[in-house]
Each structure stands twice: as C-alpha cells, then as structure tokens.
Amino acid sequence: MRDADPRRRVPRTDALLADPALAAAVGTLGRDRVKAAVVRAQQRARAGEINPDEVRDAALADLPAPAPRAVLNATGVVLHTNLGRAPLSAAAVEALVAAAGHTDVELDLPSGRRARRGREALDALAAAVPDAAAVHVVNNGAAALVLAATALAADREVVVSRGELVEIGDGFRLPDLLASTGARLREVGTTNRTTLADYAAAIGPRTGFVLKVHPSNFVVTGFTSAVPVGELATLGVPVVADIGSGLLVPDPLLPDEPDAAGTLRAGAHLVTASGDKLLGGPQAGLLLGTADLVQRLRRHPLARALRVDKLTLAALAATLHGPTTPTREALHADPAALRDRTERLRDRLGEDGCKAEVVPSAAVVGGGGAPGVELDSWALSLPERYAAPLRTGAPPILGRVLHGRLLLDLRCVPADADGTVRAAILRVGG
C-alpha cells in the first residue's frame, strides 16, 4: 500500500543537485550554496509549507542573485556612480575575459625575460596623449593624487586655492586626503576668488607643488576668479592639475571640461584623472606629465601598493585602442533618434494595453563631471508605482521619479535591450 505521507515524496538531495538548472547553478555559485538552498526547500516541504513537487523550483528561487547584478541604466545619468560609472566596451569586456588566466603582463615572450608591467596599456595611454612625456596608472583617481602628494610633498607644502578644497563623495574630502600623505596644505585666496598673487605670496622653500583642482561636481558663479594652469606654470614650482573626469582631448559637447592634453600644453607638470569617467574605461587613476616627475612617482614605494591588476590593464588598453565606448555613444546620442526609439517602445506597449507617454527629458553627465551641462533627451513616462518592481526585477531597471511619474530615459540603455524593458514593464502592469 502506497504511503500517504507526502514527506516521503520529498526529492533526495543528490537527485535535486543532478537537475540541469541546479547543476548549472553549482557552476556559478558553488556546491555548498546550492546544496544549502536545496536543504531549505526540502525542510519547507517536510513542514508542509510547499508540496514535494515544488521543492526544485523553491530551491532555485532561493538561490542568491549574482553579485554585483547587471542593471539597465534608464536614469538619464551617463556616469552614475552608484551603478559603477562607465560601462565597458565590448572590446574591453573581451580583453577582461582573455586576461582572466595566465598572461604576459610582465613577460616578454620572444626573449623570455621580465618586461615592463602593463606596457600595452601604458603605450596606448601615451599614444592617446602625446603631450605627456611619461605616463603611469594606479588604481583610482584619488590614489593618483595621493601618490603625487606623497612622492612630491611629504613633509612639505601643497599650495591650493580655498575654492578648490572639494569633497569628492561619500564624505571623503580633498584636504583630508592630502593631509593623510604627510603633506601640509597652504591654503590661498577665498572661496570665490583667488589670484596669481595669492599663490606667489605662499610659495617658499618648503613648497612641494601647486595644486590645481577642477571643481568637477559643482559650479560657483557670480563674483569669482580663478587662476588658470598657464599662469600657475610661471611660478617656478611644479604644477599638479587634477582634472578629475578623465577627458583626454577636448570634446565640443563639454567646452568647460578640462582635458589632459590641453592642460599639459598649458604648462602643467603632472595631470591626474580617472579612467572610469569620460574616458569610458575601468576604474583607474591616470598620471601624465614630465618624465622626471612620473619616474619619481613610479619608483616610490607607495606605487606598489597602488598598483593596478592585470584585468584593469587589459580593459584600459582595450578601451584606448578599441572602438567608441558606450559612454561616448551615450553622451553624443542624437535626441531625435532617442525620441523615435522611445516612441516605438511606447507604441509597442500600447499594442499590449499598457499606456505610457513620451516626454522631454534632461540627461546629465554624472560621475562628478560637467556640472550644469544638460543633454537634451526623451523619456518614457509611467506611473510611479512601476519604479520599485522594475528596480527589483530581473534584470533591475532603474529610472528616476519626478513629480509622481517614473521616467525611463533610454540614452544609456543598449538598443537591443528595448525588448527586455518592454517585457519588464508589461510584467509589472499585469
């Protein structure tokens, strides 16, 4: 006689782990995590919370999502810091995969001898900015400035305008960052006005360098004055310019954003910048400047602690060598084309009974770059109630809520993902 106790019909652990879907999860999450989810589902079945034939699906549903999760950025913020700033190009992603195993990162294959680490990325950076006599790469923009201050101004003074002592995000402030290196700040001028005479009066035998910081995440207007790099270069001491956003050459779309090439030509001895902003590459700190200064930084003991790994070097080289980055494509997206694309999505949703509107949108650069610059764009407008389920769905889709409406700006969403966005909206709309 068949046993009526449903607990005896709970699938065995080995049988569940052999299921194709759960076996595939073992390959990405590991056997222990998948087995734990299976055991929890079995226990739910034995407790009567679910039926025995639901154990497999319950175990799959209980598996942790990959971390970090891929997200569709429909916020209209091109370089969204909370979303990891610049998305990598296909070429950079391919380079990352190729570099995941053993590589020739510090080996010259023809001779079999040790070679300069990351030479491909460094050569590509030097070629992109010929005005730099030498280049170096560390693990982020703040690290680039820390290395410069440690190597050039430990126990010495950094002369900087009070109007450029910025907070760079998450509570980190430039004065604290510099002070941590052992350098002493010599603040000059006022919040809104600093002159060349202010700098000149502060320079003395203890001066390590003059620091010029681009206030990339705010704008001061009105009764203001600042000293350009070209004038600072006449003071007879090294000038270090932190341009921040990583623009290597001028971009007509961003006329007020300093670029590395122009800043060096103006007379800066060293330029620091980020690789994961307007350059559109991986997180990295770029150092470009005179051969002697860059060599001092490269040979400083701290440089070893700030060294980038082979994956960053591979992605950076591919970004510099490769095709147009997703960041540049998003920045220069044609508003008319965005409107047509958004209207097509609206029409497809309408065919399925989901009402949406197409409204003008103002996108921004983000990532602490080009404050005040707005990019004409268009967005799909939906009721605000769509925001949370889209944000927590698979894949997560992030828009922005404005005046009680959810706006989805497709500027940073790959065109081949429009169908995914449509399906997600329809699921939420029921």
# chains A, B, ... in the order shown; residues from 1 in each chain; ligands from 1

$ residues_around --residues "Gly399 in chain A" --least-positions-apart "5" --cutoff "6 Å" --atoms "only C-alpha atoms" --output "mmCIF file with N, CA and C atoms, in the first residue's frame"
data_model
loop_
_atom_site.group_PDB
_atom_site.id
_atom_site.type_symbol
_atom_site.label_atom_id
_atom_site.label_comp_id
_atom_site.auth_asym_id
_atom_site.auth_seq_id
_atom_site.Cartn_x
_atom_site.Cartn_y
_atom_site.Cartn_z
ATOM 1 N N ALA A 74 18.401 53.479 -16.877
ATOM 2 C CA ALA A 74 17.459 54.356 -17.574
ATOM 3 C C ALA A 74 17.253 55.652 -16.793
ATOM 4 N N THR A 75 18.252 56.033 -16.002
ATOM 5 C CA THR A 75 18.132 57.230 -15.172
ATOM 6 C C THR A 75 18.392 58.513 -15.937
ATOM 7 N N LEU A 407 10.275 58.108 -14.927
ATOM 8 C CA LEU A 407 10.811 58.430 -16.245
ATOM 9 C C LEU A 407 11.921 57.445 -16.586
ATOM 10 N N LEU A 408 11.793 56.798 -17.734
ATOM 11 C CA LEU A 408 12.811 55.876 -18.230
ATOM 12 C C LEU A 408 13.463 56.503 -19.453
#

$ residues_around --residues "Asn73 in chain A" --least-positions-apart "4" --cutoff "6 Å" --atoms "only C-alpha atoms" --output "list in words"
Leu398, Cys412 and Val413 of chain A

$ write_last_selection --atoms "all heavy atoms" --output "short mmCIF file (atom, residue, chain, number, x, y, z; two decimals), in the first residue's frame"
data_model
loop_
_atom_site.label_atom_id
_atom_site.label_comp_id
_atom_site.auth_asym_id
_atom_site.auth_seq_id
_atom_site.Cartn_x
_atom_site.Cartn_y
_atom_site.Cartn_z
N LEU A 398 16.52 50.76 -13.68
CA LEU A 398 16.45 51.97 -12.86
C LEU A 398 16.11 53.18 -13.71
O LEU A 398 16.76 53.45 -14.71
CB LEU A 398 17.79 52.23 -12.15
CG LEU A 398 17.94 51.59 -10.77
CD1 LEU A 398 18.14 50.09 -10.93
CD2 LEU A 398 19.11 52.19 -10.03
N CYS A 412 21.15 55.57 -22.05
CA CYS A 412 22.22 54.65 -21.62
C CYS A 412 21.80 53.19 -21.68
O CYS A 412 22.56 52.31 -21.23
CB CYS A 412 22.66 55.00 -20.20
SG CYS A 412 23.27 56.68 -20.01
N VAL A 413 20.62 52.91 -22.19
CA VAL A 413 20.14 51.54 -22.32
C VAL A 413 20.51 51.02 -23.71
O VAL A 413 20.17 51.66 -24.71
CB VAL A 413 18.61 51.46 -22.13
CG1 VAL A 413 18.12 50.03 -22.34
CG2 VAL A 413 18.23 51.96 -20.75
#

$ residues_around --residues "range 351-362 of chain A" --least-positions-apart "4" --cutoff "10 Å" --atoms "only C-alpha atoms" --output "number ranges by chain"
A: 76-77, 335, 339-340, 342-347, 373-383, 407-409, 422, 425-426, 429-430

$ residues_around --residues "Asp292 in chain A" --least-positions-apart "5" --cutoff "10 Å" --atoms "only C-alpha atoms" --output "number ranges by chain"
A: 133-134, 269, 297-298

$ write_last_selection --atoms "N, CA and C atoms" --output "CSV table (one decimal), in the first residue's frame"
chain,number,residue,atom,x,y,z
A,133,ALA,N,55.1,63.4,-21.6
A,133,ALA,CA,56.4,62.8,-21.8
A,133,ALA,C,56.4,61.4,-21.2
A,134,ALA,N,55.6,61.2,-20.1
A,134,ALA,CA,55.6,59.8,-19.5
A,134,ALA,C,54.2,59.7,-18.8
A,269,HIS,N,52.8,70.3,-15.0
A,269,HIS,CA,53.9,69.3,-14.9
A,269,HIS,C,53.4,67.9,-14.7
A,297,LEU,N,57.3,59.2,-9.2
A,297,LEU,CA,56.1,58.5,-8.7
A,297,LEU,C,56.1,57.0,-8.9
A,298,ARG,N,56.6,56.6,-10.1
A,298,ARG,CA,56.6,55.2,-10.5
A,298,ARG,C,57.5,54.4,-9.6

$ residues_around --residues "range 222-226 of chain A" --least-positions-apart "4" --cutoff "8 Å" --atoms "only C-alpha atoms" --output "ChimeraX atom specification"
/A:192-195

$ select_by_dssp --residues "range 215-329 of chain A" --states "helix (DSSP H, G or I)" --output "PyMOL selection string"
chain A and resi 229-235+260-265+291-299+301-305+310-321+326-329

$ atom_distance --atom1 "CA of His214 in chain A" --atom2 "CA of Arg411 in chain A"
26.6 Å

$ select_by_dssp --residues "range 103-227 of chain A" --states "strand (DSSP E)" --output "number ranges by chain"
A: 107-108, 113-114, 134-138, 157-161, 167-169, 172-173, 184-188, 207-213

$ residues_around --residues "Leu235 in chain A" --least-positions-apart "2" --cutoff "10 Å" --atoms "only C-alpha atoms" --output "list in words"
Leu196, Ala197, Tyr199, Ala200, Ile203, Val210, Gly230, Glu231, Leu232, Ala233, Val237, Pro238 and Val239 of chain A

$ write_last_selection --atoms "N, CA, C and O atoms" --output "compact mmCIF listing (two decimals), in the first residue's frame"
# COMPACT_ATOMS: atom_id res chain seq x y z
N LEU A 196 46.71 85.13 -8.89
CA LEU A 196 48.07 84.65 -9.04
C LEU A 196 48.95 85.17 -7.91
O LEU A 196 49.83 84.46 -7.42
N ALA A 197 48.68 86.40 -7.48
CA ALA A 197 49.46 86.97 -6.38
C ALA A 197 49.29 86.18 -5.09
O ALA A 197 50.22 86.07 -4.28
N TYR A 199 48.90 82.94 -4.85
CA TYR A 199 49.79 81.78 -4.96
C TYR A 199 51.24 82.21 -4.76
O TYR A 199 52.00 81.56 -4.03
N ALA A 200 51.64 83.27 -5.46
CA ALA A 200 53.04 83.71 -5.41
C ALA A 200 53.48 84.03 -3.98
O ALA A 200 54.62 83.72 -3.58
N ILE A 203 54.39 80.76 -1.96
CA ILE A 203 55.45 79.86 -2.40
C ILE A 203 56.76 80.19 -1.67
O ILE A 203 57.13 81.35 -1.51
N VAL A 210 52.26 73.26 -6.52
CA VAL A 210 50.99 73.97 -6.55
C VAL A 210 49.94 73.02 -7.11
O VAL A 210 50.18 72.37 -8.14
N GLY A 230 48.07 77.82 -17.05
CA GLY A 230 49.13 78.53 -17.76
C GLY A 230 49.79 79.59 -16.91
O GLY A 230 51.02 79.79 -16.98
N GLU A 231 49.02 80.31 -16.09
CA GLU A 231 49.60 81.33 -15.21
C GLU A 231 50.31 80.69 -14.02
O GLU A 231 51.36 81.16 -13.58
N LEU A 232 49.75 79.62 -13.50
CA LEU A 232 50.41 78.93 -12.38
C LEU A 232 51.77 78.39 -12.79
O LEU A 232 52.70 78.32 -11.98
N ALA A 233 51.91 78.02 -14.06
CA ALA A 233 53.16 77.45 -14.55
C ALA A 233 54.30 78.46 -14.56
O ALA A 233 55.47 78.08 -14.72
N VAL A 237 57.55 76.51 -9.71
CA VAL A 237 57.44 75.26 -8.95
C VAL A 237 56.54 74.30 -9.73
O VAL A 237 55.78 74.72 -10.62
N PRO A 238 56.62 73.00 -9.44
CA PRO A 238 55.76 72.05 -10.15
C PRO A 238 54.28 72.37 -9.97
O PRO A 238 53.85 72.77 -8.88
N VAL A 239 53.52 72.20 -11.04
CA VAL A 239 52.07 72.38 -11.01
C VAL A 239 51.43 71.02 -11.26
O VAL A 239 51.66 70.41 -12.32

$ atom_distance --atom1 "CA of Ala336 in chain A" --atom2 "CA of Ala415 in chain A"
14.5 Å

$ closest_residue --among "A:Asp176, A:Glu187, A:Asp416, A:Asp276" --to "Arg162 in chain A" --atoms "only C-alpha atoms"
A:Glu187

$ residues_around --residues "range 18-30 of chain A" --least-positions-apart "2" --cutoff "9 Å" --atoms "only C-alpha atoms" --output "list of chain:residue names"
A:Thr13, A:Asp14, A:Ala15, A:Leu16, A:Asp32, A:Arg33, A:Val34, A:Lys35, A:Val38, A:Arg56, A:Ala59, A:Leu60, A:Leu63, A:Pro64, A:Pro66

$ write_last_selection --atoms "N, CA and C atoms" --output "PDB file, in the first residue's frame"
ATOM      1  N   THR A  13      18.404  14.724  -2.026  1.00  0.00           N
ATOM      2  CA  THR A  13      19.353  15.817  -2.286  1.00  0.00           C
ATOM      3  C   THR A  13      20.174  15.546  -3.546  1.00  0.00           C
ATOM      4  N   ASP A  14      20.685  14.319  -3.697  1.00  0.00           N
ATOM      5  CA  ASP A  14      21.525  14.022  -4.861  1.00  0.00           C
ATOM      6  C   ASP A  14      20.735  14.126  -6.158  1.00  0.00           C
ATOM      7  N   ALA A  15      19.449  13.764  -6.113  1.00  0.00           N
ATOM      8  CA  ALA A  15      18.622  13.874  -7.309  1.00  0.00           C
ATOM      9  C   ALA A  15      18.385  15.334  -7.681  1.00  0.00           C
ATOM     10  N   LEU A  16      18.167  16.160  -6.673  1.00  0.00           N
ATOM     11  CA  LEU A  16      17.946  17.586  -6.946  1.00  0.00           C
ATOM     12  C   LEU A  16      19.213  18.238  -7.486  1.00  0.00           C
ATOM     13  N   ASP A  32      28.216  24.178  -2.213  1.00  0.00           N
ATOM     14  CA  ASP A  32      27.727  24.377  -0.844  1.00  0.00           C
ATOM     15  C   ASP A  32      26.521  25.320  -0.806  1.00  0.00           C
ATOM     16  N   ARG A  33      26.569  26.411  -1.556  1.00  0.00           N
ATOM     17  CA  ARG A  33      25.463  27.384  -1.523  1.00  0.00           C
ATOM     18  C   ARG A  33      24.204  26.788  -2.161  1.00  0.00           C
ATOM     19  N   VAL A  34      24.389  26.042  -3.255  1.00  0.00           N
ATOM     20  CA  VAL A  34      23.228  25.433  -3.907  1.00  0.00           C
ATOM     21  C   VAL A  34      22.644  24.334  -3.027  1.00  0.00           C
ATOM     22  N   LYS A  35      23.500  23.530  -2.416  1.00  0.00           N
ATOM     23  CA  LYS A  35      23.004  22.455  -1.545  1.00  0.00           C
ATOM     24  C   LYS A  35      22.238  23.043  -0.362  1.00  0.00           C
ATOM     25  N   VAL A  38      18.818  23.843  -1.468  1.00  0.00           N
ATOM     26  CA  VAL A  38      18.056  22.602  -1.632  1.00  0.00           C
ATOM     27  C   VAL A  38      17.567  22.094  -0.282  1.00  0.00           C
ATOM     28  N   ARG A  56      12.087  21.659  -6.135  1.00  0.00           N
ATOM     29  CA  ARG A  56      13.091  22.124  -7.108  1.00  0.00           C
ATOM     30  C   ARG A  56      12.947  23.611  -7.372  1.00  0.00           C
ATOM     31  N   ALA A  59      13.939  25.758  -4.423  1.00  0.00           N
ATOM     32  CA  ALA A  59      15.390  25.846  -4.248  1.00  0.00           C
ATOM     33  C   ALA A  59      15.991  26.839  -5.242  1.00  0.00           C
ATOM     34  N   LEU A  60      15.525  26.789  -6.476  1.00  0.00           N
ATOM     35  CA  LEU A  60      16.018  27.732  -7.481  1.00  0.00           C
ATOM     36  C   LEU A  60      15.686  29.170  -7.095  1.00  0.00           C
ATOM     37  N   LEU A  63      18.019  30.705  -4.457  1.00  0.00           N
ATOM     38  CA  LEU A  63      19.431  30.914  -4.746  1.00  0.00           C
ATOM     39  C   LEU A  63      19.748  32.410  -4.772  1.00  0.00           C
ATOM     40  N   PRO A  64      20.902  32.801  -4.251  1.00  0.00           N
ATOM     41  CA  PRO A  64      21.256  34.228  -4.262  1.00  0.00           C
ATOM     42  C   PRO A  64      21.509  34.714  -5.676  1.00  0.00           C
ATOM     43  N   PRO A  66      23.422  36.836  -8.584  1.00  0.00           N
ATOM     44  CA  PRO A  66      24.836  37.171  -8.777  1.00  0.00           C
ATOM     45  C   PRO A  66      25.144  38.533  -8.175  1.00  0.00           C
TER      46      PRO A  66
END

$ atom_distance --atom1 "CA of Asn82 in chain A" --atom2 "CA of Arg69 in chain A"
12.3 Å

$ closest_residue --among "A:Glu157, A:Val219, A:Gly244, A:Ala179" --to "Gly204 in chain A" --atoms "only C-alpha atoms"
A:Glu157

$ closest_residue --among "A:Lys212, A:Arg9, A:Lys310, A:Arg299" --to "Gly267 in chain A" --atoms "only C-alpha atoms"
A:Lys212

$ closest_atom_pairs --of "range 207-321 of chain A" --to "range 137-145 of chain A" --cutoff "7 Å" --atoms "only C-alpha atoms" --output "tab-separated table"
residue	atom	partner	partner_atom	distance
A:Thr272	CA	A:Ala144	CA	6.1
A:Ala273	CA	A:Gly141	CA	5.4
A:Ser274	CA	A:Gly141	CA	4.6
A:Gln283	CA	A:Asn140	CA	5.8
A:Ala284	CA	A:Asn140	CA	4.1
A:Gly285	CA	A:Asn140	CA	3.9
A:Leu286	CA	A:Val137	CA	4.9
A:Leu287	CA	A:Val137	CA	6.0
A:Leu306	CA	A:Val138	CA	5.4
A:Arg307	CA	A:Val138	CA	5.2
A:Val308	CA	A:Asn139	CA	5.1

$ closest_residue --among "A:Leu390, A:Val227, A:Val135, A:Leu185" --to "Gly118 in chain A" --atoms "only C-alpha atoms"
A:Val135

$ closest_residue --among "A:Thr312, A:Val365, A:Ala330, A:Arg405" --to "Ala98 in chain A" --atoms "only C-alpha atoms"
A:Thr312

$ decode --residues "range 255-347 of chain A" --atoms "C-alpha atoms" --output "short mmCIF file (atom, residue, chain, number, x, y, z; two decimals), in the first residue's frame"
data_model
loop_
_atom_site.label_atom_id
_atom_site.label_comp_id
_atom_site.auth_asym_id
_atom_site.auth_seq_id
_atom_site.Cartn_x
_atom_site.Cartn_y
_atom_site.Cartn_z
CA PRO A 255 33.60 73.08 -23.54
CA ASP A 256 34.25 73.83 -19.85
CA GLU A 257 35.65 70.41 -19.01
CA PRO A 258 39.48 70.42 -18.91
CA ASP A 259 41.30 67.76 -20.90
CA ALA A 260 44.66 66.16 -20.22
CA ALA A 261 46.31 67.20 -23.48
CA GLY A 262 45.29 70.85 -23.19
CA THR A 263 46.24 71.02 -19.51
CA LEU A 264 49.73 69.68 -20.25
CA ARG A 265 50.18 72.09 -23.14
CA ALA A 266 49.17 74.92 -20.81
CA GLY A 267 52.14 74.11 -18.61
CA ALA A 268 51.04 71.54 -16.00
CA HIS A 269 53.92 69.32 -14.93
CA LEU A 270 51.60 66.50 -13.88
CA VAL A 271 47.95 65.72 -14.64
CA THR A 272 45.84 63.27 -12.62
CA ALA A 273 42.49 61.89 -13.79
CA SER A 274 40.08 58.96 -13.51
CA GLY A 275 39.80 56.15 -16.05
CA ASP A 276 36.18 55.19 -15.37
CA LYS A 277 34.54 58.52 -16.19
CA LEU A 278 34.65 60.31 -19.55
CA LEU A 279 37.37 58.01 -20.86
CA GLY A 280 34.82 55.21 -20.54
CA GLY A 281 37.22 52.61 -19.17
CA PRO A 282 37.81 50.65 -15.96
CA GLN A 283 38.43 52.24 -12.57
CA ALA A 284 41.97 53.58 -12.69
CA GLY A 285 43.99 56.65 -11.78
CA LEU A 286 45.86 58.19 -14.71
CA LEU A 287 49.09 60.12 -14.22
CA LEU A 288 50.51 62.03 -17.19
CA GLY A 289 53.38 64.50 -17.15
CA THR A 290 57.08 65.18 -17.34
CA ALA A 291 59.44 62.24 -17.44
CA ASP A 292 61.24 63.09 -14.22
CA LEU A 293 58.10 63.56 -12.12
CA VAL A 294 56.38 60.45 -13.42
CA GLN A 295 59.56 58.42 -12.83
CA ARG A 296 59.69 59.66 -9.22
CA LEU A 297 56.10 58.54 -8.72
CA ARG A 298 56.58 55.21 -10.47
CA ARG A 299 59.59 54.32 -8.31
CA HIS A 300 58.10 55.48 -5.00
CA PRO A 301 57.39 52.57 -2.58
CA LEU A 302 53.72 53.57 -2.36
CA ALA A 303 53.32 52.95 -6.09
CA ARG A 304 53.49 49.21 -5.39
CA ALA A 305 50.53 49.38 -3.01
CA LEU A 306 48.51 51.36 -5.57
CA ARG A 307 49.36 49.07 -8.50
CA VAL A 308 46.57 48.00 -10.82
CA ASP A 309 45.92 44.36 -11.62
CA LYS A 310 46.15 42.62 -14.98
CA LEU A 311 42.38 42.87 -15.55
CA THR A 312 42.40 46.66 -15.25
CA LEU A 313 45.41 46.94 -17.52
CA ALA A 314 43.75 44.75 -20.14
CA ALA A 315 40.48 46.68 -20.04
CA LEU A 316 42.28 50.03 -20.13
CA ALA A 317 44.36 49.05 -23.15
CA ALA A 318 41.28 47.80 -25.00
CA THR A 319 39.40 50.99 -24.14
CA LEU A 320 42.19 53.17 -25.51
CA HIS A 321 42.76 51.02 -28.61
CA GLY A 322 39.18 49.99 -29.22
CA PRO A 323 36.05 51.43 -30.83
CA THR A 324 33.83 54.16 -29.44
CA THR A 325 32.93 53.47 -25.82
CA PRO A 326 29.34 53.16 -24.53
CA THR A 327 30.00 56.34 -22.52
CA ARG A 328 30.82 58.38 -25.60
CA GLU A 329 27.88 56.90 -27.51
CA ALA A 330 25.51 57.84 -24.68
CA LEU A 331 26.91 61.35 -24.38
CA HIS A 332 26.59 62.01 -28.09
CA ALA A 333 23.31 60.19 -28.70
CA ASP A 334 21.07 62.03 -31.17
CA PRO A 335 17.99 63.39 -29.32
CA ALA A 336 15.81 62.86 -32.40
CA ALA A 337 16.85 59.23 -32.62
CA LEU A 338 16.19 58.78 -28.90
CA ARG A 339 12.71 60.23 -29.35
CA ASP A 340 11.94 57.86 -32.24
CA ARG A 341 13.19 54.89 -30.24
CA THR A 342 11.16 55.86 -27.16
CA GLU A 343 8.03 56.40 -29.23
CA ARG A 344 8.42 52.95 -30.78
CA LEU A 345 8.61 51.45 -27.29
CA ARG A 346 5.52 53.42 -26.24
CA ASP A 347 3.61 52.20 -29.30
#
